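For reference, the structure discussed in these notes is given below.
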Amino acid sequence: MNSIGKECTELKQKYDDCFNSWFSDKFLKGDHDDSVCSGIFKVYQECVKNAMKQQNIDFKEIDKDILGTDKEFKVPPSSTGS
Amino acid sequence: MARYFETSTTFNFSWEQVACAYWKRYPNPESTHVLSEDTCHREVRDGCLYTKRLLTKTNRVPKWGERFFSAKSVKIIEESIVDPKNKVLVTYTRNLGYTKVMSVVERVEYRRQGADTVARRAACIDSQVFGCARAIRAFGIERFKNNCHQMVNGFNFVLHNMFPKQCPTSTQSPTLVPTFKEIRTAAAATAGRAKANVLHSVNRT
């Protein structure tokens with residue numbers, strides 16, 4: 001999968017590979033130390049943040065946390081379907 | 001009033017397999033509309049993995065909608081929490097920008113159910129375009145329902161590729177064909193209705 005910044009795609013793929021092995025081999029097995037990918041993550045993040053700036057992406061909107069807060073939407077009873 | 005939609009899907013894979021495949025969902029044959037995917041934030045907190053990703057997707061709107069959505073692509077924020085102890089993965093996605101025209105918020109909870117994983121999907125679709133909000137919401141909800149099948153098929157494709165030993169369940173395929181047909185008919189009908197609604201409200205103003 002591509003990154004939003006063409007120049008970051010290679011870094012992204014390297015990071016994703018690292019993350020995916022960590023996730024299945026460590027995290028899901030109870031080892032929560034995520035330092036193994038932190039180096040490549042930092043480099044990749046720098047690249048992505050720059051690409052996002054160039055595309056005028058609103059960082060404030062991205063930084064907002066909704067999941068796990070009371071800002072999550074709730075489906076009112078009996079309003080689904082149709 | 002916003003429109004809501006709820007549905008649930010069973011994946012014939014363990015929760016761990018679904019959680020691993022979740023990060024590798026794209027690309028798949030059903031995801032040609034997904035252009036990019038990036039991790040913006042990630043941390044382990046209290047034994048759970050918190051992730052925030054930015055996705056860009058092509059914006060598929062019918063001709064009548066082009067006056068509201070001229071953008072060729074939309075940006076989507078996806079928050080997620082993986083709780084490995086309780087075997088729960090929750091994802092929460094929302095569009096970035098154009099939220100007054102149409103906001104689509106989706107919450108999916110993947111939980112273990114025996115040897116399988118059940119995904120409970122809830123969506124909230126809203127629009128604040130004066131005079132056309134109802135038509136846009138109706139269009140949004142139908143497009144969402146339609147996309148659900150694509151998401152499930154795409155995810156299943158990735159799961160079967162990653163974990164090929166499992167046989168696909170034979171009960172699914174026969175029911176899928178009429179469902180697709182039904183959806184296509186329903187979508188066409190709604191698009192027609194929505195178009196009529198828009199024309200009606202345009203004529204009124």
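Letters for chains follow the order of the structure tokens (A, B, ...), residue numbers begin at 1 for each chain, and ligand numbers begin at 1 in the order shown.
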
(request) Specify as a list in words all residues of chain A found within 8 Å of chain B, counting only C-alpha atoms. (result) Met1, Asn2, Ser3, Ile4, Lys12, Asn20, Phe23, Ser24, Phe27, Leu28, Gly30, His32, Asp34, Gln45, Val48, Glu61, Ile62, Asp65, Ile66, Leu67, Phe73, Val75, Ser79, Thr80 and Gly81 of chain A

(request) Extract the full set of helix (DSSP H, G or I) residues from segment 55-150 of chain B according to DSSP on the backbone, and format it as number ranges by chain. (result) B: 63-65, 133-150

Saved selection, atoms kept: N, CA, C and O atoms, as a PDB file, in the first residue's frame:
ATOM      1  N   LYS B  63     -23.481  11.537 -10.486  1.00  0.00           N
ATOM      2  CA  LYS B  63     -23.451  12.833 -11.186  1.00  0.00           C
ATOM      3  C   LYS B  63     -24.126  13.946 -10.384  1.00  0.00           C
ATOM      4  O   LYS B  63     -23.591  15.035 -10.257  1.00  0.00           O
ATOM      5  N   TRP B  64     -25.308  13.639  -9.831  1.00  0.00           N
ATOM      6  CA  TRP B  64     -26.051  14.700  -9.133  1.00  0.00           C
ATOM      7  C   TRP B  64     -25.329  15.218  -7.898  1.00  0.00           C
ATOM      8  O   TRP B  64     -25.609  16.307  -7.427  1.00  0.00           O
ATOM      9  N   GLY B  65     -24.398  14.418  -7.374  1.00  0.00           N
ATOM     10  CA  GLY B  65     -23.720  14.800  -6.145  1.00  0.00           C
ATOM     11  C   GLY B  65     -22.479  15.644  -6.383  1.00  0.00           C
ATOM     12  O   GLY B  65     -21.901  16.177  -5.444  1.00  0.00           O
ATOM     13  N   ALA B 133     -30.181  17.704   2.624  1.00  0.00           N
ATOM     14  CA  ALA B 133     -29.595  16.812   3.633  1.00  0.00           C
ATOM     15  C   ALA B 133     -30.222  15.423   3.594  1.00  0.00           C
ATOM     16  O   ALA B 133     -29.519  14.420   3.664  1.00  0.00           O
ATOM     17  N   ARG B 134     -31.540  15.381   3.436  1.00  0.00           N
ATOM     18  CA  ARG B 134     -32.222  14.081   3.454  1.00  0.00           C
ATOM     19  C   ARG B 134     -31.783  13.194   2.307  1.00  0.00           C
ATOM     20  O   ARG B 134     -31.525  12.013   2.481  1.00  0.00           O
ATOM     21  N   ALA B 135     -31.704  13.797   1.133  1.00  0.00           N
ATOM     22  CA  ALA B 135     -31.288  13.028  -0.052  1.00  0.00           C
ATOM     23  C   ALA B 135     -29.849  12.555   0.094  1.00  0.00           C
ATOM     24  O   ALA B 135     -29.519  11.422  -0.258  1.00  0.00           O
ATOM     25  N   ILE B 136     -29.001  13.416   0.634  1.00  0.00           N
ATOM     26  CA  ILE B 136     -27.594  13.051   0.783  1.00  0.00           C
ATOM     27  C   ILE B 136     -27.449  11.937   1.817  1.00  0.00           C
ATOM     28  O   ILE B 136     -26.707  10.975   1.601  1.00  0.00           O
ATOM     29  N   ARG B 137     -28.204  12.041   2.928  1.00  0.00           N
ATOM     30  CA  ARG B 137     -28.140  10.982   3.945  1.00  0.00           C
ATOM     31  C   ARG B 137     -28.613   9.651   3.363  1.00  0.00           C
ATOM     32  O   ARG B 137     -28.012   8.611   3.611  1.00  0.00           O
ATOM     33  N   ALA B 138     -29.700   9.706   2.584  1.00  0.00           N
ATOM     34  CA  ALA B 138     -30.239   8.469   1.988  1.00  0.00           C
ATOM     35  C   ALA B 138     -29.219   7.860   1.043  1.00  0.00           C
ATOM     36  O   ALA B 138     -28.981   6.651   1.050  1.00  0.00           O
ATOM     37  N   PHE B 139     -28.577   8.720   0.255  1.00  0.00           N
ATOM     38  CA  PHE B 139     -27.539   8.239  -0.659  1.00  0.00           C
ATOM     39  C   PHE B 139     -26.390   7.639   0.145  1.00  0.00           C
ATOM     40  O   PHE B 139     -25.895   6.549  -0.164  1.00  0.00           O
ATOM     41  N   GLY B 140     -25.982   8.354   1.208  1.00  0.00           N
ATOM     42  CA  GLY B 140     -24.846   7.919   2.030  1.00  0.00           C
ATOM     43  C   GLY B 140     -25.088   6.569   2.665  1.00  0.00           C
ATOM     44  O   GLY B 140     -24.202   5.710   2.671  1.00  0.00           O
ATOM     45  N   ILE B 141     -26.292   6.363   3.166  1.00  0.00           N
ATOM     46  CA  ILE B 141     -26.596   5.117   3.855  1.00  0.00           C
ATOM     47  C   ILE B 141     -26.613   3.958   2.856  1.00  0.00           C
ATOM     48  O   ILE B 141     -26.095   2.882   3.142  1.00  0.00           O
ATOM     49  N   GLU B 142     -27.148   4.183   1.671  1.00  0.00           N
ATOM     50  CA  GLU B 142     -27.167   3.113   0.664  1.00  0.00           C
ATOM     51  C   GLU B 142     -25.768   2.793   0.176  1.00  0.00           C
ATOM     52  O   GLU B 142     -25.412   1.640  -0.007  1.00  0.00           O
ATOM     53  N   ARG B 143     -24.960   3.845  -0.024  1.00  0.00           N
ATOM     54  CA  ARG B 143     -23.589   3.617  -0.468  1.00  0.00           C
ATOM     55  C   ARG B 143     -22.836   2.837   0.611  1.00  0.00           C
ATOM     56  O   ARG B 143     -22.067   1.926   0.318  1.00  0.00           O
ATOM     57  N   PHE B 144     -23.110   3.204   1.875  1.00  0.00           N
ATOM     58  CA  PHE B 144     -22.433   2.516   2.968  1.00  0.00           C
ATOM     59  C   PHE B 144     -22.790   1.033   3.003  1.00  0.00           C
ATOM     60  O   PHE B 144     -21.923   0.171   3.114  1.00  0.00           O
ATOM     61  N   LYS B 145     -24.093   0.737   2.892  1.00  0.00           N
ATOM     62  CA  LYS B 145     -24.553  -0.657   2.915  1.00  0.00           C
ATOM     63  C   LYS B 145     -23.900  -1.455   1.794  1.00  0.00           C
ATOM     64  O   LYS B 145     -23.478  -2.588   1.978  1.00  0.00           O
ATOM     65  N   ASN B 146     -23.850  -0.819   0.638  1.00  0.00           N
ATOM     66  CA  ASN B 146     -23.240  -1.431  -0.531  1.00  0.00           C
ATOM     67  C   ASN B 146     -21.761  -1.736  -0.284  1.00  0.00           C
ATOM     68  O   ASN B 146     -21.267  -2.816  -0.592  1.00  0.00           O
ATOM     69  N   ASN B 147     -21.072  -0.749   0.307  1.00  0.00           N
ATOM     70  CA  ASN B 147     -19.639  -0.895   0.550  1.00  0.00           C
ATOM     71  C   ASN B 147     -19.334  -1.961   1.584  1.00  0.00           C
ATOM     72  O   ASN B 147     -18.247  -2.532   1.583  1.00  0.00           O
ATOM     73  N   CYS B 148     -20.291  -2.216   2.491  1.00  0.00           N
ATOM     74  CA  CYS B 148     -20.081  -3.218   3.540  1.00  0.00           C
ATOM     75  C   CYS B 148     -19.705  -4.558   2.933  1.00  0.00           C
ATOM     76  O   CYS B 148     -18.788  -5.232   3.410  1.00  0.00           O
ATOM     77  N   HIS B 149     -20.411  -4.952   1.879  1.00  0.00           N
ATOM     78  CA  HIS B 149     -20.140  -6.242   1.248  1.00  0.00           C
ATOM     79  C   HIS B 149     -18.748  -6.259   0.647  1.00  0.00           C
ATOM     80  O   HIS B 149     -18.045  -7.251   0.718  1.00  0.00           O
ATOM     81  N   GLN B 150     -18.360  -5.133   0.066  1.00  0.00           N
ATOM     82  CA  GLN B 150     -17.015  -5.037  -0.508  1.00  0.00           C
ATOM     83  C   GLN B 150     -15.964  -5.169   0.578  1.00  0.00           C
ATOM     84  O   GLN B 150     -14.960  -5.848   0.405  1.00  0.00           O
TER      85      GLN B 150
END

(request) Find the distance between atom CA of Asp33 of chain A and atom CA of Val88 of chain B and write it in Å to one decimal. (result) 19.7 Å

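Every protein or nucleic acid residue with an atom no more than 9 Å from Tyr22 of chain B, counting only C-alpha atoms and leaving out same-chain residues fewer than 5 positions away, appears here: Gln17, Phe155, Val158 and Leu159 of chain B.
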
Take the selection from the previous step and output its residues with N, CA and C atoms, as a short mmCIF file (atom, residue, chain, number, x, y, z; two decimals), in the first residue's frame.
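And here's again09.cif as it stands now:
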data_model
loop_
_atom_site.label_atom_id
_atom_site.label_comp_id
_atom_site.auth_asym_id
_atom_site.auth_seq_id
_atom_site.Cartn_x
_atom_site.Cartn_y
_atom_site.Cartn_z
N GLN B 17 -6.05 -14.09 14.18
CA GLN B 17 -5.84 -14.02 12.72
C GLN B 17 -6.49 -12.76 12.15
N PHE B 155 -11.78 -8.21 2.98
CA PHE B 155 -11.13 -8.67 4.19
C PHE B 155 -11.01 -10.20 4.16
N VAL B 158 -8.15 -11.29 1.98
CA VAL B 158 -6.85 -11.15 2.65
C VAL B 158 -6.66 -12.27 3.68
N LEU B 159 -7.72 -12.56 4.44
CA LEU B 159 -7.66 -13.62 5.46
C LEU B 159 -7.35 -14.97 4.83
#

(request) Write out as a VMD selection string each polymer residue whose atoms come within 12 Å of Gly39 of chain A, counting only C-alpha atoms; drop sequence neighbours fewer than 6 positions from it. (result) chain A and resid 11 14 to 15 18 to 19 45 to 46

(request) Can you work out the spacing between atom CA of Thr10 of chain B and atom CA of Glu72 of chain A in Å, to one decimal? (result) 23.8 Å

(request) Can you work out the spacing between atom CA of Cys8 of chain A and atom CA of Lys60 of chain A in Å, to one decimal? (result) 21.8 Å
